[in-house]
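Chemist: I have a structure I would like to understand better, so I am pasting it below and will then ask my questions one at a time.
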Amino acid sequence: MKVSYDVDGVLDTPKGFEAAKRAISRGDDVYIITARNERFSAEVYELAKELGVPRLRVYFTNGADKWQTVKRLRIERHYDNNTEQLDKIRENTNAQTEKV
């Protein structure tokens, strides 16, 4: 399954980090999709490295809504803490969403 996780409020918490590690151990293809600006990427890439997520699966929307990236990548489930982003993903993609 292709799953994606937000960084702030999700992967930067112990609960979110451990959930992503479990997904990887199940064999899911894990992506990181963050609204952060790419010029602040060092911390995100370090987190990805700790998880074992390849850099090519890390996406920065630079403040744009995440649904477009979720749709383009054909993500099946996205985990986020932002209700507005989750609503937009549900409205514009086929991805399931889960609030963390």
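Letters A, B, ... go to the chains of the structure tokens in the order shown; residues in each chain start at 1; ligands are counted from 1 in the same order.
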Mind listing the strand (DSSP E or B) residues of range 55-95 of chain A, per DSSP on the backbone, as a ChimeraX atom specification?

Modeler: /A:58-60,77-80

Chemist: Leaving out Val53 in chain A and any residue of its chain fewer than 2 positions from it, which residues lie within 12 Å of it when counting only C-alpha atoms, given as a VMD selection string?

Modeler: chain A and resid 3 to 5 11 17 20 to 21 23 to 25 27 to 33 44 to 51 55 to 59

Chemist: Create the file for the chosen residues now, containing N, CA and C atoms and written as a tab-separated table (two decimals), in the first residue's frame.

Modeler:
```tsv
chain	number	residue	atom	x	y	z
A	3	VAL	N	1.37	4.77	1.33
A	3	VAL	CA	0.88	5.63	2.41
A	3	VAL	C	1.80	6.83	2.55
A	4	SER	N	1.22	7.94	3.00
A	4	SER	CA	2.02	9.13	3.22
A	4	SER	C	1.73	9.72	4.59
A	5	TYR	N	2.73	10.41	5.10
A	5	TYR	CA	2.67	11.02	6.42
A	5	TYR	C	3.11	12.47	6.33
A	11	LEU	N	4.88	12.92	12.03
A	11	LEU	CA	6.14	12.17	12.10
A	11	LEU	C	7.09	12.70	13.16
A	17	PHE	N	5.85	8.64	14.37
A	17	PHE	CA	7.10	8.02	13.94
A	17	PHE	C	6.99	6.50	14.02
A	20	ALA	N	4.72	5.02	11.30
A	20	ALA	CA	5.40	4.94	10.01
A	20	ALA	C	6.38	3.77	9.98
A	21	LYS	N	7.08	3.55	11.08
A	21	LYS	CA	8.01	2.41	11.15
A	21	LYS	C	7.26	1.09	11.01
A	23	ALA	N	4.42	0.68	9.39
A	23	ALA	CA	3.99	0.60	7.99
A	23	ALA	C	5.13	0.09	7.11
A	24	ILE	N	6.32	0.58	7.36
A	24	ILE	CA	7.48	0.14	6.58
A	24	ILE	C	7.73	-1.34	6.83
A	25	SER	N	7.65	-1.77	8.09
A	25	SER	CA	7.90	-3.18	8.40
A	25	SER	C	6.84	-4.10	7.79
A	27	GLY	N	5.71	-3.62	4.89
A	27	GLY	CA	5.98	-3.62	3.46
A	27	GLY	C	5.30	-2.50	2.70
A	28	ASP	N	4.66	-1.56	3.41
A	28	ASP	CA	4.04	-0.42	2.74
A	28	ASP	C	5.11	0.50	2.14
A	29	ASP	N	4.76	1.14	1.03
A	29	ASP	CA	5.62	2.17	0.46
A	29	ASP	C	5.28	3.47	1.16
A	30	VAL	N	6.19	3.95	1.99
A	30	VAL	CA	5.93	5.14	2.80
A	30	VAL	C	6.53	6.37	2.13
A	31	TYR	N	5.70	7.42	2.05
A	31	TYR	CA	6.09	8.71	1.52
A	31	TYR	C	5.93	9.76	2.61
A	32	ILE	N	6.68	10.83	2.49
A	32	ILE	CA	6.53	11.98	3.38
A	32	ILE	C	6.06	13.14	2.52
A	33	ILE	N	4.92	13.72	2.90
A	33	ILE	CA	4.40	14.89	2.19
A	33	ILE	C	4.20	15.99	3.22
A	44	VAL	N	13.80	17.45	7.64
A	44	VAL	CA	12.88	16.47	7.06
A	44	VAL	C	13.66	15.30	6.47
A	45	TYR	N	14.75	15.60	5.77
A	45	TYR	CA	15.56	14.53	5.20
A	45	TYR	C	16.23	13.69	6.29
A	46	GLU	N	16.59	14.31	7.40
A	46	GLU	CA	17.17	13.56	8.52
A	46	GLU	C	16.13	12.61	9.11
A	47	LEU	N	14.90	13.08	9.26
A	47	LEU	CA	13.80	12.25	9.75
A	47	LEU	C	13.55	11.08	8.79
A	48	ALA	N	13.55	11.37	7.50
A	48	ALA	CA	13.36	10.32	6.49
A	48	ALA	C	14.46	9.27	6.60
A	49	LYS	N	15.69	9.73	6.78
A	49	LYS	CA	16.82	8.81	6.91
A	49	LYS	C	16.65	7.90	8.13
A	50	GLU	N	16.23	8.48	9.26
A	50	GLU	CA	16.00	7.70	10.48
A	50	GLU	C	14.94	6.62	10.25
A	51	LEU	N	13.92	6.96	9.47
A	51	LEU	CA	12.84	6.01	9.19
A	51	LEU	C	13.23	4.97	8.14
A	55	ARG	N	15.02	9.49	-0.06
A	55	ARG	CA	14.83	10.92	-0.35
A	55	ARG	C	13.85	11.15	-1.51
A	56	LEU	N	13.82	10.21	-2.45
A	56	LEU	CA	12.93	10.35	-3.60
A	56	LEU	C	11.46	10.22	-3.22
A	57	ARG	N	11.19	9.79	-1.99
A	57	ARG	CA	9.81	9.69	-1.52
A	57	ARG	C	9.46	10.81	-0.54
A	58	VAL	N	10.23	11.88	-0.55
A	58	VAL	CA	9.97	13.04	0.30
A	58	VAL	C	9.53	14.19	-0.60
A	59	TYR	N	8.36	14.76	-0.29
A	59	TYR	CA	7.79	15.82	-1.12
A	59	TYR	C	7.45	17.04	-0.28
```

Chemist: For range 74-77 of chain A, please output as an MDAnalysis selection string all residues within 9 Å (counting only C-alpha atoms; exclusion window: fewer than 2 positions along the same chain).

Modeler: chainID A and resid 1:5 31 69:72 79 93:98

Chemist: Save out the residues we just selected, C-alpha atoms, as a PDB file, in the first residue's frame.

Modeler:
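Everything below was put into again-v2.pdb:
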```pdb
ATOM      1  CA  MET A   1       0.000   0.000   0.000  1.00  0.00           C
ATOM      2  CA  LYS A   2       1.209   3.530  -0.752  1.00  0.00           C
ATOM      3  CA  VAL A   3       0.879   5.627   2.410  1.00  0.00           C
ATOM      4  CA  SER A   4       2.024   9.132   3.220  1.00  0.00           C
ATOM      5  CA  TYR A   5       2.668  11.018   6.417  1.00  0.00           C
ATOM      6  CA  TYR A  31       6.093   8.714   1.516  1.00  0.00           C
ATOM      7  CA  THR A  69       0.685  15.610  -4.454  1.00  0.00           C
ATOM      8  CA  VAL A  70      -1.406  12.821  -2.926  1.00  0.00           C
ATOM      9  CA  LYS A  71      -3.334  12.496  -6.188  1.00  0.00           C
ATOM     10  CA  ARG A  72      -0.261  12.651  -8.440  1.00  0.00           C
ATOM     11  CA  TYR A  79      -1.934  10.597   7.800  1.00  0.00           C
ATOM     12  CA  THR A  93      -8.601  12.177  -4.381  1.00  0.00           C
ATOM     13  CA  ASN A  94      -9.445   8.535  -3.815  1.00  0.00           C
ATOM     14  CA  ALA A  95      -7.096   8.330  -0.831  1.00  0.00           C
ATOM     15  CA  GLN A  96      -8.320   7.351   2.603  1.00  0.00           C
ATOM     16  CA  THR A  97      -7.299   9.750   5.341  1.00  0.00           C
ATOM     17  CA  GLU A  98      -6.597   9.453   9.013  1.00  0.00           C
TER      18      GLU A  98
END
```

Chemist: Enter the distance from CA of Asn81 in chain A to CA of Ala19 in chain A, in Å, rounded to one decimal.

Modeler: 13.7 Å

Chemist: Quick one: pick out all alpha helix (DSSP H) residues within chain A from a backbone DSSP run and write them as a VMD selection string.

Modeler: chain A and resid 14 to 26 42 to 51 67 to 73 83 to 92

Chemist: How about saving the chosen residues, N, CA and C atoms kept, as a short mmCIF file (atom, residue, chain, number, x, y, z; two decimals), in the first residue's frame?

Modeler:
```
data_model
loop_
_atom_site.label_atom_id
_atom_site.label_comp_id
_atom_site.auth_asym_id
_atom_site.auth_seq_id
_atom_site.Cartn_x
_atom_site.Cartn_y
_atom_site.Cartn_z
N PRO A 14 6.36 10.82 18.73
CA PRO A 14 6.67 9.39 18.88
C PRO A 14 5.59 8.49 18.28
N LYS A 15 4.32 8.84 18.46
CA LYS A 15 3.22 8.03 17.93
C LYS A 15 3.27 7.94 16.40
N GLY A 16 3.43 9.07 15.75
CA GLY A 16 3.47 9.10 14.29
C GLY A 16 4.70 8.41 13.73
N PHE A 17 5.85 8.64 14.37
CA PHE A 17 7.10 8.02 13.94
C PHE A 17 6.99 6.50 14.02
N GLU A 18 6.47 6.00 15.13
CA GLU A 18 6.33 4.55 15.31
C GLU A 18 5.31 3.96 14.33
N ALA A 19 4.24 4.70 14.04
CA ALA A 19 3.25 4.23 13.06
C ALA A 19 3.89 4.08 11.68
N ALA A 20 4.72 5.02 11.30
CA ALA A 20 5.40 4.94 10.01
C ALA A 20 6.38 3.77 9.98
N LYS A 21 7.08 3.55 11.08
CA LYS A 21 8.01 2.41 11.15
C LYS A 21 7.26 1.09 11.01
N ARG A 22 6.08 1.00 11.62
CA ARG A 22 5.26 -0.23 11.48
C ARG A 22 4.82 -0.41 10.04
N ALA A 23 4.42 0.68 9.39
CA ALA A 23 3.99 0.60 7.99
C ALA A 23 5.13 0.09 7.11
N ILE A 24 6.32 0.58 7.36
CA ILE A 24 7.48 0.14 6.58
C ILE A 24 7.73 -1.34 6.83
N SER A 25 7.65 -1.77 8.09
CA SER A 25 7.90 -3.18 8.40
C SER A 25 6.84 -4.10 7.79
N ARG A 26 5.63 -3.56 7.56
CA ARG A 26 4.57 -4.35 6.89
C ARG A 26 4.80 -4.43 5.39
N ALA A 42 16.54 20.08 5.54
CA ALA A 42 17.54 19.25 6.24
C ALA A 42 16.90 18.40 7.33
N GLU A 43 16.07 19.00 8.15
CA GLU A 43 15.43 18.27 9.26
C GLU A 43 14.51 17.17 8.72
N VAL A 44 13.80 17.45 7.64
CA VAL A 44 12.88 16.47 7.06
C VAL A 44 13.66 15.30 6.47
N TYR A 45 14.75 15.60 5.77
CA TYR A 45 15.56 14.53 5.20
C TYR A 45 16.23 13.69 6.29
N GLU A 46 16.59 14.31 7.40
CA GLU A 46 17.17 13.56 8.52
C GLU A 46 16.13 12.61 9.11
N LEU A 47 14.90 13.08 9.26
CA LEU A 47 13.80 12.25 9.75
C LEU A 47 13.55 11.08 8.79
N ALA A 48 13.55 11.37 7.50
CA ALA A 48 13.36 10.32 6.49
C ALA A 48 14.46 9.27 6.60
N LYS A 49 15.69 9.73 6.78
CA LYS A 49 16.82 8.81 6.91
C LYS A 49 16.65 7.90 8.13
N GLU A 50 16.23 8.48 9.26
CA GLU A 50 16.00 7.70 10.48
C GLU A 50 14.94 6.62 10.25
N LEU A 51 13.92 6.96 9.47
CA LEU A 51 12.84 6.01 9.19
C LEU A 51 13.23 4.97 8.14
N TRP A 67 -3.30 17.78 -1.38
CA TRP A 67 -4.11 16.85 -2.16
C TRP A 67 -3.55 16.63 -3.56
N GLN A 68 -2.96 17.67 -4.15
CA GLN A 68 -2.43 17.53 -5.50
C GLN A 68 -1.28 16.52 -5.54
N THR A 69 -0.43 16.56 -4.54
CA THR A 69 0.68 15.61 -4.45
C THR A 69 0.17 14.22 -4.15
N VAL A 70 -0.79 14.12 -3.25
CA VAL A 70 -1.41 12.82 -2.93
C VAL A 70 -2.01 12.19 -4.18
N LYS A 71 -2.70 13.00 -4.96
CA LYS A 71 -3.33 12.50 -6.19
C LYS A 71 -2.29 12.09 -7.22
N ARG A 72 -1.30 12.93 -7.43
CA ARG A 72 -0.26 12.65 -8.44
C ARG A 72 0.51 11.37 -8.12
N LEU A 73 0.76 11.14 -6.83
CA LEU A 73 1.52 9.95 -6.42
C LEU A 73 0.64 8.71 -6.26
N THR A 83 -7.02 19.07 9.85
CA THR A 83 -8.36 18.68 9.37
C THR A 83 -8.67 19.27 8.01
N GLU A 84 -8.28 20.51 7.78
CA GLU A 84 -8.55 21.15 6.49
C GLU A 84 -7.86 20.40 5.34
N GLN A 85 -6.62 20.01 5.55
CA GLN A 85 -5.90 19.26 4.51
C GLN A 85 -6.54 17.89 4.30
N LEU A 86 -6.93 17.23 5.37
CA LEU A 86 -7.58 15.92 5.24
C LEU A 86 -8.90 16.04 4.47
N ASP A 87 -9.67 17.07 4.75
CA ASP A 87 -10.93 17.28 4.02
C ASP A 87 -10.66 17.47 2.53
N LYS A 88 -9.67 18.28 2.19
CA LYS A 88 -9.35 18.53 0.78
C LYS A 88 -8.86 17.26 0.09
N ILE A 89 -8.10 16.45 0.80
CA ILE A 89 -7.63 15.19 0.21
C ILE A 89 -8.81 14.27 -0.06
N ARG A 90 -9.74 14.18 0.89
CA ARG A 90 -10.94 13.34 0.68
C ARG A 90 -11.79 13.85 -0.47
N GLU A 91 -11.91 15.17 -0.61
CA GLU A 91 -12.75 15.76 -1.66
C GLU A 91 -12.15 15.61 -3.05
N ASN A 92 -10.83 15.57 -3.15
CA ASN A 92 -10.17 15.65 -4.46
C ASN A 92 -9.40 14.42 -4.89
#
```
